[in-house]
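Presented below is the structure to which this report refers.
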Amino acid sequence: MAVSHAPGAAEAPHRVVVLALTGLLPFELGIPHRIFGRAQDPVGRPLYEILTCGLAAGPVRTDADFAIDVEHGPELLATADTVVVPASYELGPVYEEGRLTAGLAAALGHVRPGTRLVAICTGGYVLAAAGYLDGRRATTHWSSAEHFQRLFPAVEVDPDVLFIDDGDVLTSAGVAAGIDLCLHIVRRDHGTAVANDVARRTVVPPHRDGGQAQFIARPVPEEGRSGTTTARGWALQRLHEPLTLEDLARQESMSVRTFTRRFREEAGLSPGQWLTRQRVERARHLLESTDLPVDRVAHDAGFGTAQSMRKHLQAVLGVTPTAYRRTFRTGPRVPEPDSI
């Protein structure tokens with residue numbers, strides 16, 4: 001993540017333009033408006049401006065029993081800082097042949113170089129047909145992943161994740177994963193505190209990591225078959241401690257081998273990967289909301305040393321702890337060594 005891409009709170013709101021296509025899903029069309037529209041700076045000013053356009057101004061048919069009246073035509077895309085393409089069930093040649101219609105190609109021609117591109121669910125077909133996903137990792141709804149990969153062999157499709165952030169191009173799995181992706185973008189742009197506030201306002205979980213499995217064959221443990229929920233709750237209360245696989249497995253009275261298999265089935269990650277991501281989130285929260293020295297943040301988040309935390313934050317966020325705090329800390333700052 002490059003923090004320098006964040007829209008500045010003191011600047012004009014970052015403009016998000018949502019492209020409404022025939023056959024769109026109303027729920028997914030509303031996600032960007034709901035999530036980005038709730039993001040505010042500390043004095044209550046909106047951080048994003050959200051507008052909707054179509055291939056032409058006027059009615060756009062949805063997959064429900066109603067149409068929506070879109071005020072703007074495709075020229076609006078030229079003004080966007082971020083373009084969002086929600087899913088549609090009527091993509092025609094895009095879905096069947098992997099090619100854009102003339103109208104869709106003309107519309108995307110308005111998008112300026114450097115504009116951030118976001119696709120929700122099968123909206124990724126549009127970005128792929130336009131060539132934006134060539135050579136990149138991307139995801140879509142699990143049920144379409146195999147077809148997507150056949151149609152667009154130049155794209156590296158990962159069907160097992162909720163969303164993928166590839167810098168200026170981001171894609172998500174279906175439906176609710178679009179909420180996760182938009183919250184991730186708010187978090188990337190403005191930090192955990194703003195994203196958590198948006199999540200509270202919309203009554204959704206504040207964070208489901210993009211690497212979490214989007215489709216789990218056994219969402220509810222079989223009768224008589226234990227899960228790993230207790231171990232995860234136990235670990236979240238002890239992130240500052242050195243936790244081992246044996247410690248976690250013991251909470252569920254399982255062998256390490258069985259626990260590891262069950263954990264991956266439920267969380268889509270290994271226990272070690274999950275712990276690291278939880279510790280990164282704890283570190284982000286502490287860097288944003290406290291004046292604790294970096295060494296103390298590293299200890300409380302479970303990394304042990306500032307050097308270890310620096311390595312993990314750079315791997316996940318692309319910045320050092322000091323740079324992250326400088327960008328997202330909203331209260332008084334405490335000077336820290338630049339070497340951290």
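Each chain in the structure tokens gets a letter, A, B, ..., in the order shown, and its residues are numbered from 1; ligands are numbered from 1 in order too.
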(request) Determine, counting only C-alpha atoms, which protein, DNA and RNA residues have an atom within 7 Å of an atom of Ala129 (chain A); residues of the same chain fewer than 2 positions away are not included. Present the result as a PyMOL selection string. (result) chain A and resi 94+98-100+125-127+131
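Taking only C-alpha atoms, the non-local environment of Thr258 (chain A) within 12 Å (same-chain residues fewer than 3 positions away omitted) comprises Arg225, Ser226, Gly227, Thr228, Leu245, Glu246, Leu248, Ala249, Arg250, Glu252, Ser253, Met254, Ser255, Arg261, Arg262, Phe263, Arg264, Glu265 and Pro271 of chain A.
Minimum atom-to-atom distances from A:Gln314, A:Thr101, A:Thr202, A:Thr322 to Asp291 (chain A) were compared using only C-alpha atoms, and the lowest value belongs to A:Thr322.
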Residues flagged strand (DSSP E or B) by DSSP in region 74-312 of chain A, as a compact mmCIF listing (two decimals) with C-alpha atoms, in the first residue's frame:
```txt
# COMPACT_ATOMS: atom_id res chain seq x y z
CA THR A 82 -11.65 6.30 -8.62
CA VAL A 83 -13.96 4.37 -10.96
CA VAL A 84 -16.07 1.53 -9.55
CA VAL A 85 -17.68 -1.10 -11.80
CA SER A 88 -24.07 -6.93 -13.98
CA ARG A 116 -7.87 4.00 -9.54
CA LEU A 117 -10.07 1.19 -10.90
CA VAL A 118 -12.28 -0.99 -8.71
CA ALA A 119 -14.47 -3.94 -9.72
CA ILE A 120 -17.07 -5.66 -7.57
CA ARG A 137 -3.74 -10.84 -9.88
CA ALA A 138 -7.51 -10.51 -9.68
CA GLU A 156 -3.81 -14.44 -12.69
CA VAL A 157 -7.14 -15.36 -11.11
CA PHE A 163 -10.56 -9.12 -2.62
CA ILE A 164 -7.21 -8.26 -4.18
CA ASP A 165 -5.46 -4.92 -3.91
CA VAL A 169 -6.54 -1.80 -9.74
CA LEU A 170 -8.62 -3.63 -7.13
CA THR A 171 -11.10 -6.50 -7.55
CA SER A 172 -13.46 -8.30 -5.19
```
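One distance worth recording is that between CA of Ala128 (chain A) and CA of Gly109 (chain A), which is 14.5 Å.
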(request) Fewer than 3 positions away in the same chain doesn't count, so skip those; otherwise give me all residues within 9 Å of region 12-15 of chain A, counting only C-alpha atoms, as a list in words. (result) Pro7, Gly8, Ala9, Arg45, Pro46, Leu47, Tyr48, Glu49, Ile50, Leu51, Thr79, Ala80, Asp81, Thr82 and Val83 of chain A
Can you spit out the residues from that selection as a short mmCIF file (atom, residue, chain, number, x, y, z; two decimals), in the first residue's frame, using C-alpha atoms?
```
data_model
loop_
_atom_site.label_atom_id
_atom_site.label_comp_id
_atom_site.auth_asym_id
_atom_site.auth_seq_id
_atom_site.Cartn_x
_atom_site.Cartn_y
_atom_site.Cartn_z
CA PRO A 7 -6.74 11.68 -0.80
CA GLY A 8 -5.92 14.58 1.52
CA ALA A 9 -8.56 15.55 4.09
CA ARG A 45 -16.42 16.85 6.26
CA PRO A 46 -16.99 14.16 3.60
CA LEU A 47 -13.81 12.56 2.33
CA TYR A 48 -15.38 11.28 -0.89
CA GLU A 49 -17.83 12.56 -3.47
CA ILE A 50 -19.78 9.69 -5.05
CA LEU A 51 -21.53 10.04 -8.40
CA THR A 79 -13.55 13.54 -13.77
CA ALA A 80 -13.08 10.45 -11.57
CA ASP A 81 -10.25 9.81 -9.13
CA THR A 82 -11.65 6.30 -8.62
CA VAL A 83 -13.96 4.37 -10.96
#
```
(request) Could you give me, as a list in words, the residues within 9 Å of Val198 (chain A), counting only C-alpha atoms and dropping anything in the same chain fewer than 3 positions from it? (result) Arg34, Ile35, Phe36, Gly37, Arg38, Ala39, Gln40, Leu183, Val186, Ala193, Val194, Ala195, Arg201, Thr202, Val203, Val204 and Pro206 of chain A
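You can rank A:Ala107, A:Glu97, A:Ile31, A:Leu151 by their closest distance to Ala78 (chain A) using only C-alpha atoms, and at the top of that list sits A:Ala107.
You will find CA of Val155 (chain A) at 16.7 Å from CA of Ser143 (chain A).
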(request) Can you work out which one of A:His312, A:Pro32, A:Leu243, A:Ala130 has the shortest atom-to-atom distance to Ala177 (chain A), counting only C-alpha atoms? (result) A:Pro32
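Distance-wise, CA of Pro74 (chain A) and CA of Ile185 (chain A) end up 23.4 Å apart.
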(request) Please give the complete set of residues from region 139-328 of chain A that DSSP, run on the backbone, assigns to alpha helix (DSSP H), formatted as an MDAnalysis selection string. (result) chainID A and resid 145:151 177:190 192:202 229:236 245:251 256:267 271:289 294:301 306:317 321:328
(request) Pick out the closest residue to Thr229 (chain A) from this set: A:Ala267, A:Ala57, A:His33, A:Thr22. Count only C-alpha atoms. (result) A:Ala267
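If you measure from each of A:Ser144, A:Thr327, A:Thr139, A:Thr276 to Leu162 (chain A) using only C-alpha atoms, the closest one turns out to be A:Thr139.
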